[in-house]
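Student: This is the structure I have questions about; it appears just below.
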Amino acid sequence: MNSGILQVFQRELICPMCMNYFVDPVTTDCGHSFCRPCFYLNWQDIPFLVQCSECTKSTEQINLQTDIHLKKMASLARKVSLWLFLSSEEQMCGTHRETKKMFCEVDRSLLCLLCSSSQEHRYHRHRPIEWAAEEHREKLLQKMQSLWEKACENHRNLNVETTRTRCWKDYVNLRLEAIRAEYQKMPAFHHEEEKHNLEMLKKKGKEIFHRLHLSKAKMAHRMEILRGMYEELNEMCHKPDVELLQAFGDILHRSESVLLHMPQPLNPELSAGPITGLRDRLNQSREANSDIFLYEILRSMCIGCDHQDVPHFTATPRSFLAWGVQTFTSGKYYWEVHVGDSWNWAFGVCNMYWKEKNQNEKIDGEEGLFLLGCIKSDIQSSLFTTSPLMLQYIPKPTTRVGLFLDCEAKTVSFVDVNQSSLIYTIPNCSFSPPLRPIFCCIHF
């Protein structure tokens, strides 16, 4: 082949980022190709979109498939370069004046065929150099994929921890205000209990805030280690075949050790101390509001949670959403729901406008919907309230949950009946009577 044509052909197989032959090439939707490792490293902290370095168009970074044809062509180009290198006078076997074609995995040396069958190397494992190089390169790529998946997981966890750290003090202050408001409804002799509960909440809140900072720092440090290891593997992957084989060493073992002991997000939990006077309110409310409504099942729904800890509801045939038949326009009401050990449930009240608007839409934490819910993500379950949408970092109720609705004060309060503790009070609710009870859960 004409040398000029060969050079043009080789240039088409070079990644524009690293200026080496493609390794695991991917082609973006704008038509440009890059090594997957180079493209990944170019994302840095961009979660979903990245600009193409060739045309600056934005492209999604997910579901990029290996360009098999381009990968085979790049592999062939590396073989041509290897053959040219091995055919040089300097690389000839000094003993037999033969081309070195074999790689000895024991002492990591290049041998000619005669040397590989000699007494010294007879019982060693040998393979053609180009085969051994491609196999080593594939092992590196597999390990890099594992590293990248862990890096993405760590990045998601770091985002969760950063958000929690940023919002933690505000969350603790809201809980303090809610508990103070609850005690204001009670006689003054509960003052000592109130003081104790508030002091314990402040102390625990400070401890968790400190732990969140430490967790966040560990994840940031782990991200640097993962990225550094990924860059080292990428550099090794792009080495010429002979240099790759001879420098391989313990890099896979070191990369495996990096994947161990990945930091996980904290599961911060504030104790929801019992409120003595709340027991009396619960007993009085049960007598006044027994069997206040029935439910009508209207459509199937499901509760889930994404990687940012944001609850959401979507349609599914395995679960249901129901509204109460009875409506409320004024006054105070109380009812209970038995939740047991279940998760993926939510209940509360909504106004009629929200009910009609959301007959066929996704549910979120918008105005007109006042819920307490429980979602399960992996092995953890979390409570949340809506209006605004907010996670509640307290223990999940294990039996019954009560709801106080005060139409005049425009508040909805949720209580753990078994613990006689306040879960949360949604203040300043934007009520637009009439209001209806609402309940949704998922069936397994």
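Residues in the structure tokens are numbered from 1 in each chain, the chains being A, B, ... in the order shown, and ligands are numbered from 1 in the order shown.
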What lies within 10 Å of Glu134 (chain A) using only C-alpha atoms, ignoring chain neighbours under 4 positions off, as a VMD selection string?
Tutor: chain A and resid 75 78 to 79 129 to 130 138 to 140 237 241 244 to 245
Student: Output N, CA, C and O atoms for every residue in that selection, as a CSV table (one decimal), in the first residue's frame.
Tutor:
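Output contents, as saved in selection-v3.csv:
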chain,number,residue,atom,x,y,z
A,75,SER,N,-7.4,-2.2,16.0
A,75,SER,CA,-6.6,-3.3,16.5
A,75,SER,C,-5.6,-3.8,15.3
A,75,SER,O,-4.4,-4.1,15.6
A,78,ARG,N,-2.7,-1.4,15.1
A,78,ARG,CA,-1.7,-1.6,16.2
A,78,ARG,C,-0.8,-2.8,15.8
A,78,ARG,O,0.4,-2.8,16.1
A,79,LYS,N,-1.4,-3.8,15.2
A,79,LYS,CA,-0.7,-5.0,14.8
A,79,LYS,C,0.4,-4.6,13.7
A,79,LYS,O,1.5,-5.1,13.7
A,129,ILE,N,2.7,-12.3,20.6
A,129,ILE,CA,2.7,-11.0,21.2
A,129,ILE,C,1.4,-10.3,21.0
A,129,ILE,O,0.8,-9.7,21.9
A,130,GLU,N,0.9,-10.2,19.7
A,130,GLU,CA,-0.3,-9.4,19.5
A,130,GLU,C,-1.5,-10.0,20.2
A,130,GLU,O,-2.4,-9.2,20.7
A,138,GLU,N,-7.9,-5.9,27.0
A,138,GLU,CA,-9.3,-6.2,27.3
A,138,GLU,C,-9.5,-6.3,28.8
A,138,GLU,O,-10.5,-5.8,29.3
A,139,LYS,N,-8.5,-6.9,29.5
A,139,LYS,CA,-8.6,-6.9,30.9
A,139,LYS,C,-8.6,-5.5,31.5
A,139,LYS,O,-9.3,-5.3,32.5
A,140,LEU,N,-7.7,-4.7,31.0
A,140,LEU,CA,-7.7,-3.3,31.5
A,140,LEU,C,-9.0,-2.6,31.2
A,140,LEU,O,-9.6,-1.9,32.1
A,237,CYS,N,-3.5,1.4,28.8
A,237,CYS,CA,-4.2,0.8,27.7
A,237,CYS,C,-3.7,1.4,26.4
A,237,CYS,O,-3.8,0.6,25.3
A,241,ASP,N,2.0,-2.2,22.1
A,241,ASP,CA,1.8,-3.6,22.6
A,241,ASP,C,3.0,-4.1,23.5
A,241,ASP,O,2.8,-4.6,24.5
A,244,LEU,N,3.2,-2.2,26.7
A,244,LEU,CA,2.1,-2.6,27.6
A,244,LEU,C,2.4,-3.9,28.3
A,244,LEU,O,2.2,-4.1,29.5
A,245,LEU,N,2.9,-4.9,27.6
A,245,LEU,CA,3.1,-6.3,28.1
A,245,LEU,C,4.2,-6.2,29.2
A,245,LEU,O,4.1,-6.9,30.2
Student: What residues in region 77-196 of chain A get the DSSP label alpha helix (DSSP H)? Please answer as a count of residues only.
Tutor: 75
Student: When you draw a straight line from CA of Ser118 (chain A) to CA of Glu89 (chain A), how long is it in Å?
Tutor: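 That distance, rounded to one decimal, is 22.2 Å.
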Student: Could you check how far CA of Met73 (chain A) sits from CA of Asp24 (chain A), in Å to one decimal?
Tutor: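 Calculated distance between CA of Met73 (chain A) and CA of Asp24 (chain A) is 11.2 Å.
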Student: List every residue of region 177-241 of chain A that has an atom at most 10 Å from any atom of region 28-40 of chain A, and for each one report the closest atom pair and its distance in Å to one decimal, counting only C-alpha atoms, with rows sorted by chain and then by increasing residue number, as CSV.
Tutor:
residue,atom,partner,partner_atom,distance
A:Tyr230,CA,A:Pro37,CA,8.2
A:Glu231,CA,A:Pro37,CA,8.3
A:Leu233,CA,A:Pro37,CA,9.2
A:Asn234,CA,A:Pro37,CA,6.4
A:Glu235,CA,A:Pro37,CA,9.6
A:Cys237,CA,A:Pro37,CA,9.4
A:His238,CA,A:Cys35,CA,9.9
Student: Please provide as a ChimeraX atom specification all residues within 9 Å of Lys150 (chain A), with the sequence filter that same-chain residues fewer than 6 positions apart are discarded (counting only C-alpha atoms).
Tutor: /A:226,259,262
Student: Can you tell me how far CA of Gln419 (chain A) sits from CA of Gly273 (chain A), in Å to one decimal?
Tutor: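 If I compute the distance from CA of Gln419 (chain A) to CA of Gly273 (chain A), I get 7.8 Å.
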Student: Please provide the set of residues having any atom within 12 Å of Met102 (chain A), restricted to only C-alpha atoms, with same-chain residues fewer than 3 positions apart removed, written as number ranges by chain.
Tutor: A: 86, 93, 98-99, 105, 108-117, 121, 124-133, 242, 245
Student: Those same residues, written as a short mmCIF file (atom, residue, chain, number, x, y, z; two decimals), in the first residue's frame with N, CA and C atoms?
Tutor:
data_model
loop_
_atom_site.label_atom_id
_atom_site.label_comp_id
_atom_site.auth_asym_id
_atom_site.auth_seq_id
_atom_site.Cartn_x
_atom_site.Cartn_y
_atom_site.Cartn_z
N LEU A 86 8.84 -5.03 15.48
CA LEU A 86 9.55 -6.29 15.70
C LEU A 86 10.47 -6.65 14.55
N CYS A 93 16.27 -11.49 17.50
CA CYS A 93 16.86 -12.35 18.52
C CYS A 93 18.38 -12.43 18.30
N GLU A 98 16.30 -14.46 14.63
CA GLU A 98 14.91 -14.63 14.23
C GLU A 98 14.07 -13.48 14.82
N THR A 99 12.92 -13.21 14.16
CA THR A 99 12.00 -12.19 14.69
C THR A 99 11.35 -12.70 15.97
N GLU A 105 5.03 -15.19 29.62
CA GLU A 105 4.31 -14.56 30.71
C GLU A 105 5.01 -14.71 32.05
N ARG A 108 8.11 -12.16 31.42
CA ARG A 108 7.63 -11.00 30.66
C ARG A 108 8.66 -10.55 29.61
N SER A 109 9.14 -11.49 28.86
CA SER A 109 10.14 -11.19 27.83
C SER A 109 9.63 -11.58 26.45
N LEU A 110 10.23 -11.01 25.43
CA LEU A 110 9.92 -11.33 24.04
C LEU A 110 10.91 -12.37 23.54
N LEU A 111 10.36 -13.38 22.88
CA LEU A 111 11.21 -14.49 22.43
C LEU A 111 10.91 -14.83 20.98
N CYS A 112 11.92 -15.38 20.32
CA CYS A 112 11.66 -15.97 19.01
C CYS A 112 11.13 -17.38 19.24
N LEU A 113 10.68 -18.06 18.20
CA LEU A 113 10.09 -19.38 18.35
C LEU A 113 11.09 -20.40 18.89
N LEU A 114 12.34 -20.28 18.46
CA LEU A 114 13.35 -21.22 18.93
C LEU A 114 13.65 -21.03 20.41
N CYS A 115 13.71 -19.77 20.84
CA CYS A 115 13.97 -19.50 22.25
C CYS A 115 12.83 -19.97 23.13
N SER A 116 11.58 -19.83 22.63
CA SER A 116 10.43 -20.22 23.44
C SER A 116 10.37 -21.72 23.69
N SER A 117 11.01 -22.50 22.83
CA SER A 117 11.02 -23.95 23.01
C SER A 117 12.33 -24.46 23.63
N HIS A 121 12.85 -21.92 28.68
CA HIS A 121 11.47 -21.41 28.60
C HIS A 121 10.45 -22.50 28.25
N HIS A 124 7.30 -22.63 30.38
CA HIS A 124 6.62 -21.34 30.59
C HIS A 124 5.44 -21.22 29.64
N ARG A 125 4.54 -20.33 29.99
CA ARG A 125 3.41 -20.09 29.10
C ARG A 125 3.79 -19.01 28.10
N HIS A 126 3.65 -19.33 26.80
CA HIS A 126 3.96 -18.36 25.75
C HIS A 126 2.75 -18.15 24.87
N ARG A 127 2.65 -16.96 24.33
CA ARG A 127 1.59 -16.67 23.35
C ARG A 127 2.11 -15.67 22.34
N PRO A 128 1.52 -15.63 21.16
CA PRO A 128 1.91 -14.59 20.20
C PRO A 128 1.74 -13.20 20.83
N ILE A 129 2.66 -12.34 20.55
CA ILE A 129 2.70 -11.03 21.20
C ILE A 129 1.41 -10.26 21.00
N GLU A 130 0.88 -10.25 19.75
CA GLU A 130 -0.32 -9.45 19.49
C GLU A 130 -1.54 -10.00 20.22
N TRP A 131 -1.60 -11.33 20.40
CA TRP A 131 -2.71 -11.93 21.15
C TRP A 131 -2.62 -11.55 22.63
N ALA A 132 -1.43 -11.68 23.17
CA ALA A 132 -1.24 -11.37 24.58
C ALA A 132 -1.55 -9.89 24.86
N ALA A 133 -1.11 -9.02 23.96
CA ALA A 133 -1.34 -7.58 24.16
C ALA A 133 -2.83 -7.25 24.14
N VAL A 242 4.19 -3.94 22.97
CA VAL A 242 5.35 -4.46 23.70
C VAL A 242 5.51 -3.74 25.03
N LEU A 245 2.87 -4.94 27.56
CA LEU A 245 3.12 -6.25 28.14
C LEU A 245 4.22 -6.21 29.18
#
Student: Excluding region 400-403 of chain A and its own-chain neighbours fewer than 3 positions away, which residues fall within 12 Å of it when counting only C-alpha atoms? Please give them as a VMD selection string.
Tutor: chain A and resid 278 to 279 281 to 283 285 to 286 289 332 to 342 345 to 349 370 to 374 383 396 to 397 406 411 to 426 437 to 438
Student: Print the selection's residues with N, CA and C atoms to a file, as a compact mmCIF listing (two decimals), in the first residue's frame.
Tutor:
# COMPACT_ATOMS: atom_id res chain seq x y z
N LEU A 278 -49.25 14.47 73.93
CA LEU A 278 -49.79 14.03 72.65
C LEU A 278 -50.67 12.80 72.82
N ARG A 279 -50.36 11.98 73.83
CA ARG A 279 -51.15 10.78 74.07
C ARG A 279 -52.61 11.16 74.38
N ARG A 281 -54.18 13.88 73.48
CA ARG A 281 -54.82 14.38 72.26
C ARG A 281 -55.23 13.22 71.36
N LEU A 282 -54.35 12.20 71.26
CA LEU A 282 -54.67 11.05 70.42
C LEU A 282 -55.92 10.33 70.93
N ASN A 283 -55.98 10.11 72.24
CA ASN A 283 -57.14 9.40 72.80
C ASN A 283 -58.43 10.19 72.62
N SER A 285 -59.00 12.42 70.30
CA SER A 285 -59.31 12.52 68.87
C SER A 285 -59.89 11.22 68.35
N ARG A 286 -59.44 10.07 68.87
CA ARG A 286 -59.99 8.80 68.43
C ARG A 286 -61.48 8.71 68.74
N ASN A 289 -63.48 11.14 66.37
CA ASN A 289 -63.38 10.99 64.91
C ASN A 289 -63.28 9.54 64.48
N LYS A 332 -61.77 20.48 62.82
CA LYS A 332 -60.59 19.68 63.11
C LYS A 332 -60.94 18.20 63.00
N TYR A 333 -60.03 17.42 62.45
CA TYR A 333 -60.29 16.00 62.23
C TYR A 333 -59.03 15.20 62.52
N TYR A 334 -59.25 13.94 62.81
CA TYR A 334 -58.13 13.04 63.10
C TYR A 334 -58.49 11.63 62.62
N TRP A 335 -57.54 10.95 62.00
CA TRP A 335 -57.72 9.54 61.67
C TRP A 335 -56.36 8.84 61.62
N GLU A 336 -56.39 7.53 61.63
CA GLU A 336 -55.17 6.74 61.68
C GLU A 336 -55.14 5.73 60.53
N VAL A 337 -53.94 5.39 60.16
CA VAL A 337 -53.71 4.36 59.14
C VAL A 337 -52.71 3.35 59.70
N HIS A 338 -53.02 2.08 59.57
CA HIS A 338 -52.10 1.03 60.01
C HIS A 338 -51.12 0.73 58.88
N VAL A 339 -49.83 0.99 59.12
CA VAL A 339 -48.82 0.78 58.08
C VAL A 339 -47.95 -0.44 58.35
N GLY A 340 -47.85 -0.87 59.61
CA GLY A 340 -47.04 -2.05 59.93
C GLY A 340 -45.61 -1.89 59.47
N ASP A 341 -45.07 -2.96 58.89
CA ASP A 341 -43.69 -2.94 58.40
C ASP A 341 -43.61 -2.63 56.91
N SER A 342 -44.70 -2.18 56.33
CA SER A 342 -44.74 -1.95 54.88
C SER A 342 -44.01 -0.66 54.52
N TRP A 345 -45.81 3.66 50.62
CA TRP A 345 -47.17 4.11 50.87
C TRP A 345 -47.14 5.61 51.14
N ALA A 346 -48.28 6.23 51.01
CA ALA A 346 -48.41 7.65 51.33
C ALA A 346 -49.88 7.93 51.63
N PHE A 347 -50.13 8.84 52.54
CA PHE A 347 -51.50 9.24 52.82
C PHE A 347 -51.51 10.67 53.35
N GLY A 348 -52.67 11.30 53.25
CA GLY A 348 -52.83 12.68 53.69
C GLY A 348 -54.12 13.25 53.16
N VAL A 349 -54.09 14.52 52.74
CA VAL A 349 -55.28 15.17 52.18
C VAL A 349 -54.89 15.93 50.93
N PHE A 370 -51.01 17.23 50.48
CA PHE A 370 -50.34 17.26 51.78
C PHE A 370 -50.23 15.82 52.28
N LEU A 371 -49.05 15.23 52.08
CA LEU A 371 -48.85 13.81 52.32
C LEU A 371 -47.72 13.53 53.28
N LEU A 372 -47.84 12.39 53.96
CA LEU A 372 -46.71 11.72 54.58
C LEU A 372 -46.55 10.41 53.83
N GLY A 373 -45.32 10.08 53.42
CA GLY A 373 -45.11 8.85 52.68
C GLY A 373 -43.86 8.13 53.14
N CYS A 374 -43.75 6.88 52.75
CA CYS A 374 -42.58 6.05 53.06
C CYS A 374 -42.15 5.38 51.77
N LEU A 383 -38.88 8.40 55.13
CA LEU A 383 -40.14 9.13 55.20
C LEU A 383 -40.00 10.44 54.45
N LYS A 396 -38.91 5.21 60.96
CA LYS A 396 -40.17 4.88 60.31
C LYS A 396 -41.15 4.30 61.32
N PRO A 397 -42.40 4.76 61.31
CA PRO A 397 -43.41 4.17 62.20
C PRO A 397 -43.58 2.69 61.90
N ASP A 406 -56.32 20.44 60.74
CA ASP A 406 -56.92 21.64 61.34
C ASP A 406 -57.16 22.64 60.22
N THR A 411 -53.10 23.57 59.09
CA THR A 411 -51.98 22.68 59.36
C THR A 411 -52.41 21.22 59.19
N VAL A 412 -51.44 20.40 58.81
CA VAL A 412 -51.62 18.94 58.76
C VAL A 412 -50.46 18.35 59.56
N SER A 413 -50.78 17.60 60.62
CA SER A 413 -49.76 17.01 61.49
C SER A 413 -49.84 15.49 61.40
N PHE A 414 -48.66 14.86 61.34
CA PHE A 414 -48.56 13.41 61.32
C PHE A 414 -47.85 12.95 62.58
N VAL A 415 -48.38 11.90 63.22
CA VAL A 415 -47.80 11.43 64.47
C VAL A 415 -47.59 9.92 64.41
N ASP A 416 -46.53 9.47 65.08
CA ASP A 416 -46.28 8.04 65.28
C ASP A 416 -47.09 7.63 66.50
N VAL A 417 -48.19 6.91 66.28
CA VAL A 417 -49.13 6.60 67.37
C VAL A 417 -48.47 5.74 68.43
N ASN A 418 -47.69 4.74 68.02
CA ASN A 418 -47.08 3.83 68.97
C ASN A 418 -46.08 4.55 69.88
N GLN A 419 -45.34 5.52 69.33
CA GLN A 419 -44.32 6.24 70.10
C GLN A 419 -44.85 7.53 70.73
N SER A 420 -46.08 7.91 70.41
CA SER A 420 -46.64 9.19 70.88
C SER A 420 -45.68 10.34 70.54
N SER A 421 -45.14 10.31 69.33
CA SER A 421 -44.17 11.32 68.92
C SER A 421 -44.64 12.01 67.65
N LEU A 422 -44.20 13.25 67.48
CA LEU A 422 -44.55 14.03 66.29
C LEU A 422 -43.62 13.67 65.15
N ILE A 423 -44.18 13.30 64.02
CA ILE A 423 -43.38 13.06 62.82
C ILE A 423 -43.08 14.40 62.14
N TYR A 424 -44.12 15.15 61.82
CA TYR A 424 -43.93 16.49 61.25
C TYR A 424 -45.27 17.18 61.13
N THR A 425 -45.24 18.49 61.24
CA THR A 425 -46.41 19.32 60.99
C THR A 425 -46.15 20.17 59.75
N ILE A 426 -47.00 20.04 58.74
CA ILE A 426 -46.90 20.91 57.56
C ILE A 426 -47.61 22.21 57.91
N PRO A 437 -59.47 13.06 52.00
CA PRO A 437 -58.38 12.16 52.35
C PRO A 437 -57.86 11.46 51.09
N ILE A 438 -56.58 11.14 51.10
CA ILE A 438 -55.98 10.44 49.97
C ILE A 438 -55.04 9.37 50.50
Student: As a PyMOL selection string, please: the residues near Leu260 (chain A) (cut-off 12 Å, only C-alpha atoms, same-chain neighbours under 2 positions excluded).
Tutor: chain A and resi 146-147+150+222+225-226+253-258+262-264
Student: Can you tell me which residues surround His191 (chain A) at a distance of at most 12 Å, considering only C-alpha atoms, apart from same-chain residues fewer than 5 positions away, and format the answer as a list in words?
Tutor: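 Final neighbour list, sorted by chain and number: Ile179, Arg180, Glu182, Tyr183, Gln184, Lys185, Met186, His196, Asn197, Leu198, Ile275, Thr276 and Gly277 of chain A.
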Student: Using backbone DSSP assignments, extract all strand (DSSP E) residues from region 18-250 of chain A; output them as a list in words.
Tutor: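 Reading the DSSP output for region 18-250 of chain A, strand (DSSP E) covers Pro25, Val26, Thr27, Ser33, Phe34, Cys35, Leu49, Val50, Gln51, Ser58, Thr59, Glu60, Met102, Phe103, Cys104, Ser109, Leu110, Leu111, His126, Arg127 and Pro128 of chain A.
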Student: For the residues selected in the previous step, produce a file with C-alpha atoms as a CSV table (one decimal), in the first residue's frame.
Tutor:
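File produced: result-v5.csv:
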chain,number,residue,atom,x,y,z
A,25,PRO,CA,-14.1,3.4,20.5
A,26,VAL,CA,-17.6,5.0,20.7
A,27,THR,CA,-19.4,7.2,18.2
A,33,SER,CA,-15.6,8.9,17.5
A,34,PHE,CA,-13.5,8.8,20.6
A,35,CYS,CA,-11.9,6.2,22.9
A,49,LEU,CA,-24.5,15.9,28.9
A,50,VAL,CA,-21.1,16.6,27.5
A,51,GLN,CA,-19.9,18.7,24.6
A,58,SER,CA,-24.0,18.4,23.3
A,59,THR,CA,-24.5,14.7,23.5
A,60,GLU,CA,-25.8,12.3,26.1
A,102,MET,CA,6.3,-14.8,21.3
A,103,PHE,CA,5.7,-13.3,24.8
A,104,CYS,CA,6.7,-15.3,27.9
A,109,SER,CA,10.1,-11.2,27.8
A,110,LEU,CA,9.9,-11.3,24.0
A,111,LEU,CA,11.2,-14.5,22.4
A,126,HIS,CA,4.0,-18.4,25.8
A,127,ARG,CA,1.6,-16.7,23.4
A,128,PRO,CA,1.9,-14.6,20.2
